[in-house]
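*Asks:* A single structure is presented below for examination.
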Amino acid sequence: MLLRRLLTWSACLSVFTVTAQACPDHGAKVSVALKARTPSAAALVAWKPRAWTPAGSPGAAGLRVSIDPADGTLGMPASDELATSAGAGEEDLRPVTVTRRANGAVRAQLDERWESHAMATIGPDGKPRWTCVDGKLGAERFLKQAAMPATVSVKPAPVWEEK
Amino acid sequence: MRALLQRSLASAALLALLAGPAAAAATITIVNIDGPGEGFNDPTVAAPVGGNPGLTVGQQRLNCFQEAANIWGSLIDSSVPILVRSAFNPLACTATSATLGSAGPRFVEANEPSFEFQNVWYHEALACKQAGFDLVPPGAAGPGDDGSDISAQFNSNLGNAGCLTGSGWYYGFDHNEGAKIDLLAVLLHEFAHGLGFSTVTSGSNGAYLNGPPALPALWDMFLFDETTGLHWDENSAPQRVASAINTGNLTWDGALVTAAAPTFLVKQAELVVPFGGGSLEGGAASFGAPLTAGGVTAQAVVVNDGVAATLTSDACETPFVNAAAIAGKIAVIDRGTCTFLVKALNAQNNGAIGAIIINNTGGALAPGGTDPAITIPVMGLTQADGTALKAAIGGGVTNVTMRLHPTKRAGAHPSGHVRMYSPNPFQSGSSVSHYDVTLTPNALMEPAINADLTSSVDLTVALFRDIGWIPRLLSAPVGGPSSRVALASSPNPTRGDLTVNFNLESEEHVELALFDVSGRLIRSLAKGRFAAGPHRVTWDGRDDRGRTASPGVYLARLKGSRSSASQTVVLVD
């Protein structure tokens with residue numbers, strides 16, 4: 001806990017420090033950078049990771065699907081499934097690293113939270129269904145919720161049954 | 001954000017809207033980071049399968065990755081090699097569910113001066129293409145960093161005991177996966193996300209990836225709310241939250257997807273009814289007789305199969321109690337208990353000449369399955385529409401027509417824009433960054449992947465044109481009239497009092513519209529059948545929503561059934 005607080009304070013201080021250096025005359029800095037534009041990596045000016053957050057679910061790519069318990073067909077999850085699987089309020093708010101180049105360009109380094117996780121389940125008809133969700137947390141939730149019977153028999157030659 | 005300067009700079013390369021054939025190519029390299037003897041280097045002997053010539057499991061995996069890379073590489077355009085850091089590792093799974101893998105962009109970039117649009121986040125690979133050089137060369141993101149643009153990791157345990165047991169990867173290229181999982185389809189989908197088919201803006205709280213600076217994603221410039229008339233980069237966070245669940249009204253308004261939609265999407269299934277607006281949007285079944293323009297007209301009758309333990313209207317038992325009333329009519333059936341095929345066949349065997357299956361949950365329903373014995377047309381309805389239909393039937397004889405809509409396309413909004421997935425409630429990971437599930441035929445980038453996909457990447461290519469992956473080339477010379485039509489605008493530059501003249505060589509159906517340089521429709525000026533000879537249309541400087549258009553470069557495009565022409569228009573303050 002103490003270590004986390006120290007790190008947080010350290011991050012906050014670095015934010016203020018960098019902001020103070022970078023912000024006062026932003027326009028002038030950009031115009032200079034345009035004249036001296038270079039694609040070289042040497043032009044990169046690293047910004048320290050700062051305490052900004054991905055603002056809730058980053059909304060990156062993801063696929064999800066549910067199996068209708070009645071007809072065993074593929075469909076979109078019902079509202080009650082979504083309420084538990086969307087993971088609202090459980091967002092990972094770790095900061096990401098931002099780098100600003102001398103020409104005013106900005107880069108954000110994404111992590112696994114922005115990765116689309118492809119997930120699969122075997123439906124009651126024995127066919128695998130695949131979908132994907134956001135980030136590792138979403139993948140873990142998916143696996144926890146995939147409470148399908150473990151004894152399904154896998155049938156060969158599946159057919160497409162539903163969009 | 002959309003400064004006139006930037007638009008003018010971009011316009012030289014962008015004065016085009018129709019997706020003509022273009023030479024496109026990019027090199028996508030799979031960076032194998034697996035260790036010896038594992039993943040891509042797994043030496044287990046394998047027989048060639050489905051066009052994949054690999055002789056080991058590892059080789060087949062690598063071939064499959066490279067095949068997906070080659071498919072995308074042949075369609076997009078970049079002088080900067082795209083690196084995909086790739087690995088096969090044991091990932092979390094159980095006997096009945098598994099993490100197949102993960103993929104995504106490693107970085108997003110903004111405000112490189114050569115970017116087409118400023119103050120929006122670009123996925124790394126597209127950013128490099130726009131910059132013309134590698135923005136993250138090896139080592140730039142940290143010591144030893146390989147400089148890859150996309151990361152991808154897939155499950156090496158799939159199909160083994162305890163990991164989706166009995167399934168496993170299918171490494172063929174022919175999408176004949178049987179009971180296995182088609183790795184190539186998964187890769188095509190996931191690579192597309194990594195290449196730019198997603199936003200980094202939150203759909204759950206509407207917040208931008210908030211740097212500093214807080215910026216919308218490039219994606220947001222094309223994500224359009226048909227209700228508010230605003231793009232996601234134009235509205236507030238609360239508006240974006242509302243927009244993300246504005247089911248059926250969140251669209252992609254890039255001109256190239258819109259232009260390609262009629263060639264890809266089939267016509268919308270429709271139920272003509274004697275109440276409400278007179279028309280309900282349906283989902284055509286994948287089985288049974290295809291719907292036609294003329295359609296099937298008959299009285300709609302709710303099925304009663306006599307078994308109340310579930311629903312008497314689920315049509316799971318036969319013969320129906322009201323078989324006599326169903327004969328020669330259109331059967332109205334509730335979803336649930338048994339498969340769509342059973343329901344439809346039962347209806348047919350009880351004499352119905354058509355069947356309507358009503359969803360038992362939110363959203364659209366397009367019944368799926370295959371059974372050549374079913375020969376009557378079948379369509380799905382939303383739960384809400386089904387309830388309205390049953391209420392009408394309860395009030396008296398209700399004649400309906402199952403048919404194809406004369407103009408609307410399945411998956412497109414009445415505006416012509418293709419719908420994006422926006423269910424209510426919001427689905428993190430699926431909403432906003434996928435095409436809607438109502439698209440027919442199915443598209444690669446729907447949130448639910450369907451087994452009828454091929455390596456054709458359908459409307460996704462058009463979307464990649466919209467966001468700048470592929471040159472937006474005209475099918476007719478810019479500013480030069482074709483031999484069949486002349487187009488001229490004056491004054492040009494204009495302050496918003498533009499007159500567009502066109503002269504047709506012969507009578508034909510034409511559409512005249514204004515687009516911005518990103519290809520977005522600004523204003524539809526004329527549409528219909530015009531006689532041969534001169535015609536004049538005026539533009540008042542406003543967009544389709546009545547708002548004053550921003551100063552900048554626009555393109556007036558006239559597209560006819562036999563001719564087309566376009567002209568640059570400059571709007572000044």
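Quick note on naming: the chains in the structure tokens go A, B, ... in the order shown, residues restart at 1 in each chain, and ligands are numbered from 1 in order of appearance.
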Select all residues from chain B having any atom no more than 7 Å from an atom of chain A (counting only C-alpha atoms, ignoring ligands), output as a ChimeraX atom specification.
*Replies:* /B:95-104,106-112,140,166,178-181,190,193,198-205,207,209-211,336-339,361,366-370,425,427-430,433,447-451
*Asks:* Enumerate the residues of range 44-223 of chain B with a DSSP assignment of helix (DSSP H, G or I), computed from the backbone, and present them as a VMD selection string.
*Replies:* chain B and resid 57 to 75 124 to 131 183 to 195 218 to 221
*Asks:* Kindly save the residues from that selection, with C-alpha atoms included, as a tab-separated table (two decimals), in the first residue's frame.
*Replies:*
chain	number	residue	atom	x	y	z
B	57	VAL	CA	1.81	-28.04	-36.83
B	58	GLY	CA	4.10	-25.08	-36.34
B	59	GLN	CA	4.54	-24.58	-40.06
B	60	GLN	CA	0.79	-24.75	-40.64
B	61	ARG	CA	0.18	-22.15	-37.95
B	62	LEU	CA	2.72	-19.82	-39.46
B	63	ASN	CA	1.30	-20.40	-42.94
B	64	CYS	CA	-2.15	-19.54	-41.68
B	65	PHE	CA	-0.94	-16.31	-40.14
B	66	GLN	CA	0.89	-15.45	-43.30
B	67	GLU	CA	-2.18	-16.25	-45.38
B	68	ALA	CA	-4.25	-13.80	-43.35
B	69	ALA	CA	-1.44	-11.27	-43.62
B	70	ASN	CA	-1.24	-11.80	-47.37
B	71	ILE	CA	-4.98	-11.34	-47.82
B	72	TRP	CA	-4.97	-8.04	-46.00
B	73	GLY	CA	-1.67	-7.07	-47.53
B	74	SER	CA	-3.08	-7.48	-51.00
B	75	LEU	CA	-6.01	-5.21	-50.21
B	124	GLU	CA	-0.29	2.43	-35.46
B	125	ALA	CA	-0.11	0.63	-38.80
B	126	LEU	CA	-2.37	3.15	-40.50
B	127	ALA	CA	-0.48	5.97	-38.83
B	128	CYS	CA	2.76	4.70	-40.36
B	129	LYS	CA	1.12	4.44	-43.75
B	130	GLN	CA	-0.07	8.02	-43.48
B	131	ALA	CA	3.27	9.24	-42.23
B	183	LEU	CA	-8.04	-20.01	-37.56
B	184	LEU	CA	-7.91	-18.06	-40.81
B	185	ALA	CA	-11.35	-16.50	-40.23
B	186	VAL	CA	-10.41	-15.59	-36.67
B	187	LEU	CA	-7.17	-14.05	-37.87
B	188	LEU	CA	-8.80	-12.04	-40.65
B	189	HIS	CA	-11.23	-10.60	-38.14
B	190	GLU	CA	-8.67	-9.87	-35.46
B	191	PHE	CA	-6.11	-8.45	-37.86
B	192	ALA	CA	-8.79	-6.08	-39.13
B	193	HIS	CA	-9.25	-4.77	-35.62
B	194	GLY	CA	-5.52	-4.32	-35.32
B	195	LEU	CA	-5.39	-2.48	-38.63
B	218	LEU	CA	-10.31	8.40	-36.51
B	219	TRP	CA	-13.16	5.89	-36.33
B	220	ASP	CA	-15.32	8.46	-34.56
B	221	MET	CA	-15.29	10.77	-37.57
*Asks:* Give me, as a list of chain:residue names, the residues of range 378-463 of chain B that a backbone DSSP run labels strand (DSSP E).
*Replies:*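 Written out, the strand (DSSP E) residues of range 378-463 of chain B are B:Val378, B:Met379, B:Gly380, B:Leu381, B:Asn399, B:Val400, B:Thr401, B:Met402, B:Arg403, B:Leu404, B:His405, B:Pro406, B:Thr407, B:Lys408, B:Arg409, B:Val418, B:Arg419.
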*Asks:* Near Leu487 in chain B, counting only C-alpha atoms, which residues have an atom at most 7 Å away, once you skip same-chain residues fewer than 3 positions from it, shown as a list in words?
*Replies:*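 Once the nearby chain positions are removed, what remains is Pro481, Asn501, Phe502, Asn503, Ala565 and Ser566 of chain B.
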*Asks:* Generate the output file for the selected residues, N, CA, C and O atoms, as a CSV table (one decimal), in the first residue's frame.
*Replies:*
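Written file, result.csv:
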chain,number,residue,atom,x,y,z
B,481,PRO,N,-15.9,15.9,-67.2
B,481,PRO,CA,-17.2,15.3,-67.5
B,481,PRO,C,-16.9,14.0,-68.4
B,481,PRO,O,-16.0,14.0,-69.2
B,501,ASN,N,-24.7,22.9,-62.6
B,501,ASN,CA,-25.4,22.6,-63.8
B,501,ASN,C,-24.9,21.3,-64.3
B,501,ASN,O,-23.7,21.0,-64.3
B,502,PHE,N,-25.9,20.5,-64.8
B,502,PHE,CA,-25.4,19.3,-65.5
B,502,PHE,C,-26.3,19.1,-66.7
B,502,PHE,O,-27.5,19.5,-66.8
B,503,ASN,N,-25.7,18.4,-67.7
B,503,ASN,CA,-26.3,18.3,-69.0
B,503,ASN,C,-26.2,16.8,-69.4
B,503,ASN,O,-25.2,16.3,-69.6
B,565,ALA,N,-19.8,12.1,-63.3
B,565,ALA,CA,-18.8,13.2,-63.4
B,565,ALA,C,-18.7,13.8,-62.0
B,565,ALA,O,-19.6,13.6,-61.1
B,566,SER,N,-17.6,14.5,-61.8
B,566,SER,CA,-17.5,15.2,-60.5
B,566,SER,C,-16.7,16.5,-60.7
B,566,SER,O,-16.0,16.7,-61.7
*Asks:* Need the shell around range 461-470 of chain B: protein/DNA/RNA residues with any atom at most 9 Å away, counting only C-alpha atoms. Skip same-chain ones fewer than 5 positions apart. Format as a PDB file with N, CA, C and O atoms, in the first residue's frame?
*Replies:*
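Saved file result.pdb follows:
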ATOM      1  N   LEU B  17     -14.420   9.379 -54.763  1.00  0.00           N
ATOM      2  CA  LEU B  17     -15.364   8.788 -53.832  1.00  0.00           C
ATOM      3  C   LEU B  17     -15.745   7.372 -54.155  1.00  0.00           C
ATOM      4  O   LEU B  17     -16.090   6.612 -53.277  1.00  0.00           O
ATOM      5  N   ALA B  19     -15.288   3.529 -55.182  1.00  0.00           N
ATOM      6  CA  ALA B  19     -14.233   2.549 -55.017  1.00  0.00           C
ATOM      7  C   ALA B  19     -13.926   1.865 -56.334  1.00  0.00           C
ATOM      8  O   ALA B  19     -14.431   0.798 -56.623  1.00  0.00           O
ATOM      9  N   ALA B  22      -8.106  -0.395 -57.563  1.00  0.00           N
ATOM     10  CA  ALA B  22      -6.870   0.323 -57.302  1.00  0.00           C
ATOM     11  C   ALA B  22      -5.782  -0.664 -56.975  1.00  0.00           C
ATOM     12  O   ALA B  22      -6.000  -1.648 -56.297  1.00  0.00           O
ATOM     13  N   ALA B  23      -4.617  -0.391 -57.490  1.00  0.00           N
ATOM     14  CA  ALA B  23      -3.492  -1.243 -57.150  1.00  0.00           C
ATOM     15  C   ALA B  23      -3.123  -0.954 -55.711  1.00  0.00           C
ATOM     16  O   ALA B  23      -2.779   0.146 -55.342  1.00  0.00           O
ATOM     17  N   ALA B  24      -3.263  -1.940 -54.874  1.00  0.00           N
ATOM     18  CA  ALA B  24      -2.971  -1.739 -53.463  1.00  0.00           C
ATOM     19  C   ALA B  24      -2.097  -2.876 -52.986  1.00  0.00           C
ATOM     20  O   ALA B  24      -2.263  -4.013 -53.398  1.00  0.00           O
ATOM     21  N   ALA B  25      -1.178  -2.559 -52.132  1.00  0.00           N
ATOM     22  CA  ALA B  25      -0.339  -3.608 -51.582  1.00  0.00           C
ATOM     23  C   ALA B  25       0.368  -3.093 -50.346  1.00  0.00           C
ATOM     24  O   ALA B  25       0.726  -1.921 -50.260  1.00  0.00           O
ATOM     25  N   TRP B  72      -4.861  -9.468 -46.306  1.00  0.00           N
ATOM     26  CA  TRP B  72      -4.974  -8.039 -46.003  1.00  0.00           C
ATOM     27  C   TRP B  72      -3.922  -7.234 -46.745  1.00  0.00           C
ATOM     28  O   TRP B  72      -4.189  -6.125 -47.221  1.00  0.00           O
ATOM     29  N   LEU B  75      -4.856  -6.100 -50.101  1.00  0.00           N
ATOM     30  CA  LEU B  75      -6.010  -5.214 -50.214  1.00  0.00           C
ATOM     31  C   LEU B  75      -5.739  -3.795 -49.737  1.00  0.00           C
ATOM     32  O   LEU B  75      -6.352  -2.851 -50.226  1.00  0.00           O
ATOM     33  N   ILE B  76      -4.855  -3.657 -48.767  1.00  0.00           N
ATOM     34  CA  ILE B  76      -4.559  -2.319 -48.275  1.00  0.00           C
ATOM     35  C   ILE B  76      -3.271  -1.822 -48.912  1.00  0.00           C
ATOM     36  O   ILE B  76      -2.596  -2.562 -49.626  1.00  0.00           O
ATOM     37  N   ASP B  77      -2.961  -0.590 -48.652  1.00  0.00           N
ATOM     38  CA  ASP B  77      -1.861   0.032 -49.365  1.00  0.00           C
ATOM     39  C   ASP B  77      -0.959   0.771 -48.381  1.00  0.00           C
ATOM     40  O   ASP B  77      -1.425   1.649 -47.656  1.00  0.00           O
ATOM     41  N   SER B  78       0.297   0.398 -48.364  1.00  0.00           N
ATOM     42  CA  SER B  78       1.232   1.123 -47.509  1.00  0.00           C
ATOM     43  C   SER B  78       2.657   0.862 -47.971  1.00  0.00           C
ATOM     44  O   SER B  78       3.001  -0.251 -48.348  1.00  0.00           O
ATOM     45  N   GLU B 116      -3.726  12.593 -42.632  1.00  0.00           N
ATOM     46  CA  GLU B 116      -4.849  13.191 -43.349  1.00  0.00           C
ATOM     47  C   GLU B 116      -5.707  14.039 -42.415  1.00  0.00           C
ATOM     48  O   GLU B 116      -6.164  15.116 -42.776  1.00  0.00           O
ATOM     49  N   LEU B 126      -1.824   2.133 -39.600  1.00  0.00           N
ATOM     50  CA  LEU B 126      -2.374   3.146 -40.498  1.00  0.00           C
ATOM     51  C   LEU B 126      -1.643   4.471 -40.318  1.00  0.00           C
ATOM     52  O   LEU B 126      -1.420   5.208 -41.291  1.00  0.00           O
ATOM     53  N   LYS B 129       1.436   4.283 -42.332  1.00  0.00           N
ATOM     54  CA  LYS B 129       1.119   4.436 -43.754  1.00  0.00           C
ATOM     55  C   LYS B 129       0.927   5.919 -44.090  1.00  0.00           C
ATOM     56  O   LYS B 129       1.432   6.423 -45.090  1.00  0.00           O
ATOM     57  N   GLN B 130       0.205   6.610 -43.220  1.00  0.00           N
ATOM     58  CA  GLN B 130      -0.073   8.021 -43.483  1.00  0.00           C
ATOM     59  C   GLN B 130       1.192   8.870 -43.346  1.00  0.00           C
ATOM     60  O   GLN B 130       1.368   9.846 -44.072  1.00  0.00           O
ATOM     61  N   LEU B 195      -5.715  -3.410 -37.549  1.00  0.00           N
ATOM     62  CA  LEU B 195      -5.387  -2.479 -38.628  1.00  0.00           C
ATOM     63  C   LEU B 195      -6.195  -1.188 -38.550  1.00  0.00           C
ATOM     64  O   LEU B 195      -5.883  -0.216 -39.235  1.00  0.00           O
ATOM     65  N   GLY B 196      -7.262  -1.197 -37.778  1.00  0.00           N
ATOM     66  CA  GLY B 196      -8.005   0.056 -37.651  1.00  0.00           C
ATOM     67  C   GLY B 196      -9.505  -0.080 -37.518  1.00  0.00           C
ATOM     68  O   GLY B 196     -10.202   0.923 -37.423  1.00  0.00           O
ATOM     69  N   PHE B 197     -10.007  -1.286 -37.507  1.00  0.00           N
ATOM     70  CA  PHE B 197     -11.448  -1.473 -37.444  1.00  0.00           C
ATOM     71  C   PHE B 197     -11.891  -1.444 -35.983  1.00  0.00           C
ATOM     72  O   PHE B 197     -12.360  -2.448 -35.428  1.00  0.00           O
ATOM     73  N   LEU B 218      -9.964   8.224 -35.102  1.00  0.00           N
ATOM     74  CA  LEU B 218     -10.314   8.397 -36.510  1.00  0.00           C
ATOM     75  C   LEU B 218     -11.684   7.769 -36.787  1.00  0.00           C
ATOM     76  O   LEU B 218     -12.503   8.311 -37.525  1.00  0.00           O
ATOM     77  N   TRP B 219     -11.903   6.618 -36.183  1.00  0.00           N
ATOM     78  CA  TRP B 219     -13.163   5.889 -36.325  1.00  0.00           C
ATOM     79  C   TRP B 219     -14.365   6.792 -36.041  1.00  0.00           C
ATOM     80  O   TRP B 219     -15.399   6.723 -36.697  1.00  0.00           O
ATOM     81  N   PHE B 222     -16.433   8.903 -38.559  1.00  0.00           N
ATOM     82  CA  PHE B 222     -17.368   8.274 -39.494  1.00  0.00           C
ATOM     83  C   PHE B 222     -18.550   7.622 -38.776  1.00  0.00           C
ATOM     84  O   PHE B 222     -19.448   7.113 -39.416  1.00  0.00           O
ATOM     85  N   TRP B 252     -22.307   3.964 -40.124  1.00  0.00           N
ATOM     86  CA  TRP B 252     -21.019   4.378 -40.680  1.00  0.00           C
ATOM     87  C   TRP B 252     -21.356   5.199 -41.915  1.00  0.00           C
ATOM     88  O   TRP B 252     -21.936   4.679 -42.861  1.00  0.00           O
ATOM     89  N   GLY B 254     -19.182   6.825 -43.963  1.00  0.00           N
ATOM     90  CA  GLY B 254     -18.138   6.967 -44.975  1.00  0.00           C
ATOM     91  C   GLY B 254     -18.722   6.679 -46.352  1.00  0.00           C
ATOM     92  O   GLY B 254     -19.507   5.747 -46.526  1.00  0.00           O
ATOM     93  N   ALA B 255     -18.334   7.478 -47.316  1.00  0.00           N
ATOM     94  CA  ALA B 255     -18.958   7.392 -48.640  1.00  0.00           C
ATOM     95  C   ALA B 255     -18.698   6.058 -49.322  1.00  0.00           C
ATOM     96  O   ALA B 255     -19.529   5.577 -50.092  1.00  0.00           O
ATOM     97  N   LEU B 256     -17.548   5.464 -49.040  1.00  0.00           N
ATOM     98  CA  LEU B 256     -17.209   4.268 -49.793  1.00  0.00           C
ATOM     99  C   LEU B 256     -17.941   3.041 -49.276  1.00  0.00           C
ATOM    100  O   LEU B 256     -18.345   2.182 -50.059  1.00  0.00           O
ATOM    101  N   VAL B 257     -18.142   2.964 -47.986  1.00  0.00           N
ATOM    102  CA  VAL B 257     -18.976   1.883 -47.459  1.00  0.00           C
ATOM    103  C   VAL B 257     -20.414   2.074 -47.944  1.00  0.00           C
ATOM    104  O   VAL B 257     -21.072   1.127 -48.380  1.00  0.00           O
ATOM    105  N   THR B 258     -20.872   3.309 -47.896  1.00  0.00           N
ATOM    106  CA  THR B 258     -22.239   3.589 -48.332  1.00  0.00           C
ATOM    107  C   THR B 258     -22.408   3.233 -49.805  1.00  0.00           C
ATOM    108  O   THR B 258     -23.422   2.653 -50.202  1.00  0.00           O
ATOM    109  N   ALA B 259     -21.401   3.569 -50.594  1.00  0.00           N
ATOM    110  CA  ALA B 259     -21.484   3.272 -52.021  1.00  0.00           C
ATOM    111  C   ALA B 259     -21.418   1.770 -52.291  1.00  0.00           C
ATOM    112  O   ALA B 259     -22.061   1.266 -53.216  1.00  0.00           O
ATOM    113  N   ALA B 260     -20.662   1.058 -51.467  1.00  0.00           N
ATOM    114  CA  ALA B 260     -20.490  -0.380 -51.696  1.00  0.00           C
ATOM    115  C   ALA B 260     -21.656  -1.201 -51.150  1.00  0.00           C
ATOM    116  O   ALA B 260     -21.866  -2.339 -51.579  1.00  0.00           O
ATOM    117  N   ALA B 261     -22.391  -0.626 -50.230  1.00  0.00           N
ATOM    118  CA  ALA B 261     -23.438  -1.399 -49.556  1.00  0.00           C
ATOM    119  C   ALA B 261     -24.445  -2.041 -50.520  1.00  0.00           C
ATOM    120  O   ALA B 261     -24.763  -3.229 -50.375  1.00  0.00           O
ATOM    121  N   SER B 518     -13.076  13.623 -47.018  1.00  0.00           N
ATOM    122  CA  SER B 518     -12.931  12.299 -46.410  1.00  0.00           C
ATOM    123  C   SER B 518     -13.934  11.330 -47.007  1.00  0.00           C
ATOM    124  O   SER B 518     -13.937  10.159 -46.660  1.00  0.00           O
ATOM    125  N   GLY B 519     -14.765  11.840 -47.899  1.00  0.00           N
ATOM    126  CA  GLY B 519     -15.719  10.964 -48.546  1.00  0.00           C
ATOM    127  C   GLY B 519     -17.072  10.912 -47.873  1.00  0.00           C
ATOM    128  O   GLY B 519     -17.918  10.104 -48.216  1.00  0.00           O
ATOM    129  N   ARG B 520     -17.284  11.767 -46.908  1.00  0.00           N
ATOM    130  CA  ARG B 520     -18.565  11.741 -46.217  1.00  0.00           C
ATOM    131  C   ARG B 520     -19.596  12.574 -46.961  1.00  0.00           C
ATOM    132  O   ARG B 520     -19.313  13.679 -47.425  1.00  0.00           O
TER     133      ARG B 520
END
*Asks:* Just give me the gap between CA of Leu215 in chain B and CA of His434 in chain B in Å, one decimal is fine.
*Replies:*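 Straight-line distance from CA of Leu215 in chain B to CA of His434 in chain B works out to 20.7 Å.
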*Asks:* Report as a ChimeraX atom specification all protein, DNA and RNA residues lying within 12 Å of Asp497 in chain B, evaluated on only C-alpha atoms, omitting residues in the same chain fewer than 4 positions from it.
*Replies:* /B:489-493,537-542,548-549,569-573
*Asks:* Could the residues in this selection be written to a file with C-alpha atoms, as a PDB file, in the first residue's frame?
*Replies:*
ATOM      1  CA  SER B 489     -20.526  24.629 -60.730  1.00  0.00           C
ATOM      2  CA  SER B 490     -20.508  28.370 -60.238  1.00  0.00           C
ATOM      3  CA  PRO B 491     -19.396  30.504 -58.623  1.00  0.00           C
ATOM      4  CA  ASN B 492     -16.455  28.453 -57.517  1.00  0.00           C
ATOM      5  CA  PRO B 493     -15.128  29.242 -54.903  1.00  0.00           C
ATOM      6  CA  VAL B 537     -29.528  22.546 -58.970  1.00  0.00           C
ATOM      7  CA  THR B 538     -28.638  25.069 -56.298  1.00  0.00           C
ATOM      8  CA  TRP B 539     -26.812  24.533 -53.024  1.00  0.00           C
ATOM      9  CA  ASP B 540     -27.325  26.892 -50.117  1.00  0.00           C
ATOM     10  CA  GLY B 541     -24.127  25.946 -48.306  1.00  0.00           C
ATOM     11  CA  ARG B 542     -25.905  23.738 -45.786  1.00  0.00           C
ATOM     12  CA  THR B 548     -24.018  25.617 -42.405  1.00  0.00           C
ATOM     13  CA  ALA B 549     -21.195  23.628 -43.940  1.00  0.00           C
ATOM     14  CA  VAL B 569     -16.041  22.884 -55.062  1.00  0.00           C
ATOM     15  CA  VAL B 570     -14.415  25.259 -52.617  1.00  0.00           C
ATOM     16  CA  LEU B 571     -16.555  26.834 -49.920  1.00  0.00           C
ATOM     17  CA  VAL B 572     -15.112  29.961 -48.359  1.00  0.00           C
ATOM     18  CA  ASP B 573     -16.178  32.131 -45.430  1.00  0.00           C
TER      19      ASP B 573
END
*Asks:* Extract, using only C-alpha atoms, all DNA, RNA and protein residues at most 12 Å from Ala384 in chain B, discarding same-chain residues fewer than 2 positions from it, and format them as a ChimeraX atom specification.
*Replies:* /B:280-282,358-365,380-382,386-391
*Asks:* Output N, CA and C atoms of each residue in that selection to a file, as an mmCIF file, in the first residue's frame.
*Replies:*
data_model
loop_
_atom_site.group_PDB
_atom_site.id
_atom_site.type_symbol
_atom_site.label_atom_id
_atom_site.label_comp_id
_atom_site.auth_asym_id
_atom_site.auth_seq_id
_atom_site.Cartn_x
_atom_site.Cartn_y
_atom_site.Cartn_z
ATOM 1 N N LEU B 280 -42.895 -3.494 -41.410
ATOM 2 C CA LEU B 280 -42.008 -3.940 -40.331
ATOM 3 C C LEU B 280 -40.760 -4.540 -40.956
ATOM 4 N N GLU B 281 -39.604 -4.227 -40.370
ATOM 5 C CA GLU B 281 -38.344 -4.750 -40.885
ATOM 6 C C GLU B 281 -38.185 -6.195 -40.419
ATOM 7 N N GLY B 282 -37.950 -7.081 -41.339
ATOM 8 C CA GLY B 282 -37.792 -8.490 -40.986
ATOM 9 C C GLY B 282 -36.382 -8.978 -41.246
ATOM 10 N N ILE B 358 -41.119 -14.873 -34.230
ATOM 11 C CA ILE B 358 -40.956 -13.669 -33.415
ATOM 12 C C ILE B 358 -39.886 -13.907 -32.362
ATOM 13 N N ASN B 359 -38.961 -12.982 -32.280
ATOM 14 C CA ASN B 359 -37.851 -13.114 -31.344
ATOM 15 C C ASN B 359 -38.350 -13.125 -29.901
ATOM 16 N N ASN B 360 -37.623 -13.807 -29.028
ATOM 17 C CA ASN B 360 -37.994 -13.830 -27.616
ATOM 18 C C ASN B 360 -37.007 -13.058 -26.755
ATOM 19 N N THR B 361 -36.193 -12.257 -27.435
ATOM 20 C CA THR B 361 -35.255 -11.384 -26.733
ATOM 21 C C THR B 361 -35.071 -10.136 -27.575
ATOM 22 N N GLY B 362 -34.285 -9.201 -27.085
ATOM 23 C CA GLY B 362 -34.109 -7.966 -27.822
ATOM 24 C C GLY B 362 -33.349 -8.162 -29.117
ATOM 25 N N GLY B 363 -33.569 -7.265 -30.051
ATOM 26 C CA GLY B 363 -32.803 -7.282 -31.287
ATOM 27 C C GLY B 363 -33.490 -7.976 -32.439
ATOM 28 N N ALA B 364 -32.824 -7.881 -33.573
ATOM 29 C CA ALA B 364 -33.364 -8.459 -34.790
ATOM 30 C C ALA B 364 -33.176 -9.968 -34.781
ATOM 31 N N LEU B 365 -33.904 -10.633 -35.644
ATOM 32 C CA LEU B 365 -33.796 -12.087 -35.741
ATOM 33 C C LEU B 365 -33.839 -12.492 -37.210
ATOM 34 N N GLY B 380 -37.855 -13.531 -39.685
ATOM 35 C CA GLY B 380 -37.897 -13.234 -38.265
ATOM 36 C C GLY B 380 -38.349 -11.805 -38.047
ATOM 37 N N LEU B 381 -38.927 -11.577 -36.876
ATOM 38 C CA LEU B 381 -39.328 -10.225 -36.487
ATOM 39 C C LEU B 381 -38.760 -9.937 -35.106
ATOM 40 N N THR B 382 -38.586 -8.682 -34.791
ATOM 41 C CA THR B 382 -38.174 -8.335 -33.432
ATOM 42 C C THR B 382 -39.322 -8.638 -32.482
ATOM 43 N N GLY B 386 -43.211 -8.161 -33.242
ATOM 44 C CA GLY B 386 -44.046 -9.350 -33.138
ATOM 45 C C GLY B 386 -45.223 -9.140 -32.197
ATOM 46 N N THR B 387 -44.959 -8.438 -31.111
ATOM 47 C CA THR B 387 -46.035 -8.133 -30.169
ATOM 48 C C THR B 387 -47.103 -7.269 -30.843
ATOM 49 N N ALA B 388 -46.650 -6.303 -31.609
ATOM 50 C CA ALA B 388 -47.601 -5.437 -32.320
ATOM 51 C C ALA B 388 -48.403 -6.240 -33.339
ATOM 52 N N LEU B 389 -47.732 -7.155 -34.005
ATOM 53 C CA LEU B 389 -48.430 -7.977 -35.001
ATOM 54 C C LEU B 389 -49.496 -8.848 -34.330
ATOM 55 N N LYS B 390 -49.114 -9.456 -33.227
ATOM 56 C CA LYS B 390 -50.082 -10.322 -32.539
ATOM 57 C C LYS B 390 -51.260 -9.513 -31.989
ATOM 58 N N ALA B 391 -50.971 -8.290 -31.574
ATOM 59 C CA ALA B 391 -52.063 -7.434 -31.104
ATOM 60 C C ALA B 391 -53.023 -7.127 -32.238
#
